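Coordinates from structure-v9.txt are shown below (compact mmCIF, C-alpha atoms).
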```txt
# COMPACT_ATOMS: atom_id res chain seq x y z
CA ASP A 850 11.38 -17.52 5.43
CA LEU A 851 14.73 -18.98 4.34
CA GLN A 852 14.72 -17.37 0.89
CA CYS A 853 16.88 -14.44 1.98
CA PHE A 854 19.55 -16.90 3.23
CA ASP A 855 19.20 -19.66 0.67
CA LYS A 856 18.13 -18.50 -2.78
CA ASN A 857 19.00 -21.78 -4.53
CA GLY A 858 17.37 -24.00 -1.88
CA LYS A 859 20.49 -26.10 -1.12
CA PHE A 860 20.66 -25.08 2.53
CA PHE A 861 16.96 -25.81 3.05
CA ALA A 862 17.36 -29.26 1.45
CA LYS A 863 20.08 -30.12 3.97
CA LEU A 864 17.95 -28.96 6.91
CA ASP A 865 14.74 -30.68 5.80
CA THR A 866 15.80 -34.24 6.57
CA SER A 867 12.20 -35.49 6.75
CA LYS A 868 11.50 -34.01 3.26
CA ASP A 869 8.12 -32.63 4.35
CA GLY A 870 8.83 -29.10 3.11
CA LYS A 871 9.32 -27.79 6.64
CA VAL A 872 12.23 -27.50 9.05
CA SER A 873 11.51 -28.29 12.68
CA GLU A 874 13.61 -27.00 15.56
CA GLU A 875 14.89 -30.53 16.08
CA GLU A 876 16.03 -30.83 12.43
CA TYR A 877 17.65 -27.41 12.60
CA LEU A 878 19.67 -28.20 15.75
CA GLU A 879 20.65 -31.68 14.49
CA PHE A 880 22.09 -30.10 11.35
CA PHE A 881 24.34 -27.75 13.33
CA GLN A 882 25.40 -30.47 15.76
CA SER A 883 26.50 -32.54 12.78
CA LEU A 884 28.16 -29.49 11.22
CA LYS A 885 30.12 -28.77 14.41
CA ALA A 886 31.40 -32.36 14.51
CA LYS A 887 32.77 -31.97 10.96
CA ASN A 888 33.97 -28.36 11.18
CA PRO A 889 33.69 -26.40 14.46
CA LYS A 890 34.43 -23.07 12.72
CA ALA A 891 31.56 -23.54 10.25
CA ILE A 892 28.90 -22.53 12.81
CA GLU A 893 30.64 -19.25 13.59
CA GLU A 894 30.96 -18.50 9.87
CA TYR A 895 27.27 -19.28 9.35
CA LEU A 896 26.22 -17.01 12.21
CA LYS A 897 28.29 -14.13 10.81
CA TYR A 898 26.71 -14.65 7.38
CA ALA A 899 23.22 -14.91 8.87
CA GLN A 900 23.67 -11.73 10.90
CA LYS A 901 24.97 -9.86 7.86
CA THR A 902 22.01 -11.08 5.77
CA LEU A 903 19.49 -10.09 8.44
CA LEU A 904 20.73 -6.50 8.29
CA LYS A 905 19.78 -6.18 4.62
CA MET A 906 16.31 -5.97 3.13
CA THR A 907 15.44 -8.90 0.92
CA ILE A 908 14.41 -8.35 -2.70
CA GLY A 909 10.79 -8.96 -1.68
CA GLU A 910 10.98 -6.45 1.18
CA ARG A 911 12.60 -3.81 -1.04
CA GLU A 912 9.95 -4.30 -3.74
CA GLY A 913 7.22 -4.08 -1.10
CA VAL A 914 8.44 -0.81 0.43
CA LEU A 915 9.03 0.77 -3.01
CA ASP A 916 5.53 -0.24 -4.11
CA LEU A 917 4.20 1.39 -0.93
CA PHE A 918 6.20 4.56 -1.72
CA SER A 919 4.58 4.83 -5.16
CA LYS A 920 1.11 4.41 -3.63
CA ILE A 921 1.68 7.11 -1.00
CA ASP A 922 3.27 9.47 -3.56
CA THR A 923 -0.07 10.46 -5.09
CA ASP A 924 1.30 13.42 -7.06
CA GLY A 925 4.09 11.25 -8.50
CA ASN A 926 6.89 13.77 -7.86
CA GLY A 927 9.19 11.22 -6.18
CA VAL A 928 8.92 12.92 -2.77
CA LEU A 929 6.57 12.19 0.13
CA ASP A 930 5.28 15.29 1.89
CA LYS A 931 3.42 15.62 5.16
CA GLU A 932 0.03 15.86 3.47
CA GLU A 933 0.54 12.63 1.49
CA LEU A 934 1.77 10.71 4.54
CA TYR A 935 -1.09 11.87 6.76
CA ARG A 936 -3.54 11.15 3.96
CA PHE A 937 -2.23 7.58 3.87
CA ASP A 938 -1.91 7.16 7.64
CA GLU A 939 -4.16 9.44 9.70
CA SER A 940 -2.49 8.35 12.93
CA GLY A 941 0.67 10.15 11.76
CA LYS A 942 2.91 7.29 12.94
CA LEU A 943 4.73 6.94 9.64
CA PHE A 944 5.48 10.64 9.25
CA GLU A 945 6.62 11.04 12.87
CA LYS A 946 9.14 8.23 12.43
CA MET A 947 10.41 9.49 9.07
CA ASP A 948 10.16 13.23 9.75
CA THR A 949 13.06 15.46 8.74
CA PHE A 950 13.87 19.16 9.10
CA TYR A 951 12.48 19.70 5.62
CA GLY A 952 9.18 17.94 6.18
CA LYS A 953 9.67 15.95 2.97
CA ILE A 954 11.04 12.48 2.33
CA ASP A 955 12.68 11.40 -0.90
CA LYS A 956 13.11 7.79 -2.01
CA GLY A 957 16.66 7.55 -0.62
CA MET A 958 15.62 8.75 2.85
CA TYR A 959 12.60 6.45 2.73
CA LEU A 960 14.74 3.37 1.96
CA LYS A 961 17.21 4.30 4.72
CA PHE A 962 14.31 4.41 7.17
CA PHE A 963 13.33 0.83 6.34
CA GLU A 964 16.95 -0.36 6.31
CA GLY A 965 17.29 1.05 9.84
CA LEU A 966 14.01 -0.59 10.79
CA LYS A 967 15.30 -3.96 9.57
CA LEU A 968 18.54 -3.44 11.50
CA ARG A 969 16.66 -2.95 14.77
CA ASN A 970 14.12 -5.71 14.16
CA PRO A 971 14.30 -8.14 11.18
CA LYS A 972 10.52 -8.69 11.28
CA ALA A 973 9.64 -4.99 11.44
CA VAL A 974 9.62 -4.38 7.67
CA TRP A 975 7.02 -7.08 6.99
CA ASN A 976 5.03 -5.99 10.05
CA TYR A 977 4.95 -2.45 8.70
CA LEU A 978 3.96 -3.57 5.22
CA SER A 979 1.11 -5.55 6.80
CA TYR A 980 0.04 -2.40 8.68
CA ALA A 981 0.27 -0.40 5.44
CA GLN A 982 -2.09 -2.81 3.67
CA LYS A 983 -4.70 -2.16 6.38
CA CYS A 984 -4.28 1.61 5.86
CA LEU A 985 -4.75 1.18 2.12
CA LYS A 986 -8.02 -0.71 2.57
CA LYS A 987 -9.87 2.26 4.04
CA LEU A 988 -10.51 5.81 2.96
CA THR A 989 -9.14 8.52 5.21
CA THR A 990 -11.57 11.08 6.66
CA ASP A 991 -10.40 13.63 4.07
CA GLU A 992 -10.71 11.20 1.13
CA GLU A 993 -14.21 10.10 2.17
CA LYS A 994 -15.29 13.72 2.60
CA ARG A 995 -14.01 14.69 -0.85
CA VAL A 996 -15.49 11.75 -2.78
CA LYS A 997 -18.79 12.25 -0.94
CA SER A 998 -18.83 15.91 -1.98
CA VAL A 999 -18.78 14.81 -5.64
CA PHE A 1000 -21.65 12.37 -4.96
CA ASP A 1001 -23.69 15.11 -3.24
CA ALA A 1002 -23.08 17.54 -6.12
CA ILE A 1003 -24.40 15.02 -8.67
CA ASP A 1004 -27.33 13.89 -6.49
CA VAL A 1005 -29.36 17.05 -7.16
CA ASP A 1006 -32.68 15.62 -5.91
CA LYS A 1007 -30.97 14.51 -2.67
CA SER A 1008 -32.46 11.03 -2.89
CA GLY A 1009 -29.24 9.41 -1.70
CA GLU A 1010 -28.83 7.76 -5.10
CA ILE A 1011 -27.30 8.88 -8.39
CA GLU A 1012 -29.46 8.29 -11.46
CA GLU A 1013 -28.56 8.49 -15.15
CA LYS A 1014 -30.64 11.65 -15.68
CA GLU A 1015 -28.61 13.38 -12.95
CA LEU A 1016 -25.36 12.21 -14.49
CA SER A 1017 -26.31 13.58 -17.90
CA ARG A 1018 -26.39 17.11 -16.46
CA PHE A 1019 -22.72 16.86 -15.58
CA ASP A 1020 -21.39 14.61 -18.32
CA LYS A 1021 -23.38 15.16 -21.50
CA ASN A 1022 -21.44 12.67 -23.63
CA GLY A 1023 -21.46 10.07 -20.85
CA ARG A 1024 -17.83 9.15 -21.32
CA PHE A 1025 -16.80 9.72 -17.74
CA PHE A 1026 -19.74 9.28 -15.39
CA GLY A 1027 -21.52 6.87 -17.72
CA ARG A 1028 -18.60 4.48 -17.49
CA LEU A 1029 -18.40 5.12 -13.77
CA ILE A 1030 -22.02 4.27 -13.10
CA ARG A 1031 -21.67 0.96 -14.96
CA SER A 1032 -18.75 0.10 -12.69
CA LEU A 1033 -20.57 1.13 -9.52
CA ASP A 1034 -24.09 -0.17 -10.13
CA LYS A 1035 -23.56 -3.67 -8.75
CA ASN A 1036 -27.26 -4.57 -8.48
CA LYS A 1037 -27.95 -3.25 -12.03
CA ASP A 1038 -30.94 -1.08 -11.06
CA GLY A 1039 -29.66 1.93 -13.01
CA LYS A 1040 -28.84 3.80 -9.83
CA VAL A 1041 -25.80 4.16 -7.60
CA SER A 1042 -26.25 4.26 -3.84
CA ILE A 1043 -23.78 5.98 -1.53
CA THR A 1044 -22.70 2.52 -0.26
CA GLU A 1045 -21.92 1.27 -3.79
CA TYR A 1046 -20.12 4.53 -4.49
CA LEU A 1047 -17.89 4.41 -1.39
CA ASN A 1048 -17.15 0.69 -1.78
CA TYR A 1049 -15.88 1.40 -5.30
CA PHE A 1050 -13.41 3.99 -4.00
CA LYS A 1051 -12.25 1.73 -1.16
CA LYS A 1052 -11.35 -0.94 -3.71
CA LEU A 1053 -9.83 1.68 -6.01
CA LYS A 1054 -7.56 2.85 -3.17
CA VAL A 1055 -6.14 -0.66 -2.73
CA ASP A 1056 -5.57 -1.13 -6.47
CA ASN A 1057 -4.39 2.38 -7.33
CA PRO A 1058 -4.51 5.15 -4.69
CA LYS A 1059 -3.47 7.78 -7.25
CA ALA A 1060 -6.63 7.09 -9.27
CA ILE A 1061 -8.80 8.60 -6.52
CA TYR A 1062 -7.07 11.95 -6.86
CA GLY A 1063 -7.23 11.73 -10.64
CA PHE A 1064 -10.99 11.17 -10.33
CA LEU A 1065 -11.45 14.08 -7.93
CA LYS A 1066 -9.48 16.43 -10.15
CA PHE A 1067 -11.43 15.49 -13.27
CA ALA A 1068 -14.78 15.48 -11.44
CA ARG A 1069 -14.17 19.01 -10.11
CA ARG A 1070 -13.41 20.17 -13.65
CA LEU A 1071 -16.67 18.70 -14.98
CA LEU A 1072 -18.70 20.09 -12.09
CA LYS A 1073 -17.19 23.53 -12.58
CA LYS A 1074 -17.93 23.42 -16.31
CA CYS A 1075 -21.51 22.38 -15.59
CA LYS A 1076 -22.05 25.41 -13.35
CA VAL A 1077 -20.75 27.69 -16.09
CA ASP A 1078 -22.96 26.08 -18.76
CA ASN A 1079 -26.06 26.29 -16.56
CA SER A 1080 -25.47 29.84 -15.36
```
What does this structure look like when you write it as structure tokens?
Amino acid sequence: DLQCFDKNGKFFAKLDTSKDGKVSEEEYLEFFQSLKAKNPKAIEEYLKYAQKTLLKMTIGEREGVLDLFSKIDTDGNGVLDKEELYRFDESGKLFEKMDTFYGKIDKGMYLKFFEGLKLRNPKAVWNYLSYAQKCLKKLTTDEEKRVKSVFDAIDVDKSGEIEEKELSRFDKNGRFFGRLIRSLDKNKDGKVSITEYLNYFKKLKVDNPKAIYGFLKFARRLLKKCKVDNS
């Protein structure tokens, strides 16, 4: 917690008189009482410095919000649009807070939003990043619908499972779906259930949200080609 104030650890070492790696309220107050006895102006200078530091995002916070930006920006154009933000956060809270007359948010506007958030509440940035992680761990209604549609298209016998013979109809050389089924088939029975399939995409969203849309784009192309070949 003190890293944003004390990057070299000297301040923390002075506060942690018990050397237990923690600073209690008692230790903290004792330090400033001692500081006031030596230099009464030092406390006021510290408070000014602390207030100034609290208004800025730390390196960790900035990295966190920029990483989130790249995950929401699924088309990689450096701008967040309404569709991308609602896809990430179905509640619409993020877009409503960031909304502009143009309905799009570039990286500069995005960073200003979080700088303003930090200004109003120093803990708000980390709270929002924690909320964002929860959003990333689940598929939105639209994402689940779209990945399920690919599953349903492959599952021609409607058994609720994808088998290798069904995959071969769509991916004759096995490069795409063959590799996919090996990743999804956790119980190694040569089939992929809808549960295994959806769990894979939930994990994929956490690791790389853009990969879901890459998969959907490529899958649609293969499915379209298959219809042409079989017509």
10 Å contact set for Met906 of chain A, all atoms listed in the file, chain neighbours under 5 positions out, as a PyMOL selection string: chain A and resi 853+911-912+914+960+963-968+971+974
Would you write out, as JSON lines, a table of all residues in segment 907-955 of chain A that have an atom no more than 9 Å from an atom of segment 1051-1075 of chain A, listing for each the closest atom pair and the distance in Å to one decimal, considering only C-alpha atoms and ordering rows by chain and rising residue number?
```
{"residue": "A:Ser919", "atom": "CA", "partner": "A:Lys1059", "partner_atom": "CA", "distance": 8.8}
{"residue": "A:Lys920", "atom": "CA", "partner": "A:Pro1058", "partner_atom": "CA", "distance": 5.8}
{"residue": "A:Ile921", "atom": "CA", "partner": "A:Pro1058", "partner_atom": "CA", "distance": 7.5}
{"residue": "A:Asp922", "atom": "CA", "partner": "A:Lys1059", "partner_atom": "CA", "distance": 7.9}
{"residue": "A:Thr923", "atom": "CA", "partner": "A:Lys1059", "partner_atom": "CA", "distance": 4.8}
{"residue": "A:Asp924", "atom": "CA", "partner": "A:Lys1059", "partner_atom": "CA", "distance": 7.4}
{"residue": "A:Gly925", "atom": "CA", "partner": "A:Lys1059", "partner_atom": "CA", "distance": 8.4}
```
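Reported to one decimal place, the separation of atom CA of Phe937 of chain A from atom CA of Leu985 of chain A is 7.1 Å.
Proximity to Thr866 of chain A was assessed for A:Glu910, A:Glu879, A:Asp938, A:Glu933 counting all atoms listed in the file; the smallest distance is recorded for A:Glu879.
Applying the 10 Å criterion to (-19.3, 5.7, -2.5) in file coordinates and using only C-alpha atoms, one obtains the residues A:Glu993, A:Val996, A:Lys997, A:Val999, A:Phe1000, A:Leu1033, A:Val1041, A:Ser1042, A:Ile1043, A:Thr1044, A:Glu1045, A:Tyr1046, A:Leu1047, A:Asn1048, A:Tyr1049, A:Phe1050, A:Lys1051.
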Rounded to one decimal, what separation in Å do you get between atom CA of Lys868 of chain A and atom CA of Asn888 of chain A? 24.5 Å
Interatomic distance (Å, one decimal) between atom CA of Pro889 of chain A and atom CA of Lys871 of chain A: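 For atom CA of Pro889 of chain A relative to atom CA of Lys871 of chain A, the distance reads 25.6 Å.
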Could you put an axis-aligned box around every listed atom of segment 970-976 of chain A, padded by 4 Å on each side, and send me its centre and edge lengths in Å to one decimal, as JSON?
```
{"center_x": 9.7, "center_y": -6.5, "center_z": 10.6, "size_x": 17.3, "size_y": 12.3, "size_z": 15.2}
```
Determine, counting all atoms listed in the file, which protein, DNA and RNA residues have an atom within 6 Å of an atom of segment 929-931 of chain A; residues of the same chain fewer than 3 positions away are not included. Present the result as a list in words.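 Near segment 929-931 of chain A, the qualifying residues are Asp922, Leu934, Lys953 and Ile954 of chain A.
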A:Asn970, A:Gln982, A:Thr990, A:Ser1017: which is nearest Glu939 of chain A, counting all atoms listed in the file?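 The answer is A:Thr990, which sits nearest to Glu939 of chain A.
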From the list A:Arg969, A:Phe918, A:Phe880, A:Arg936, which residue is nearest Leu988 of chain A when using all atoms listed in the file? A:Arg936
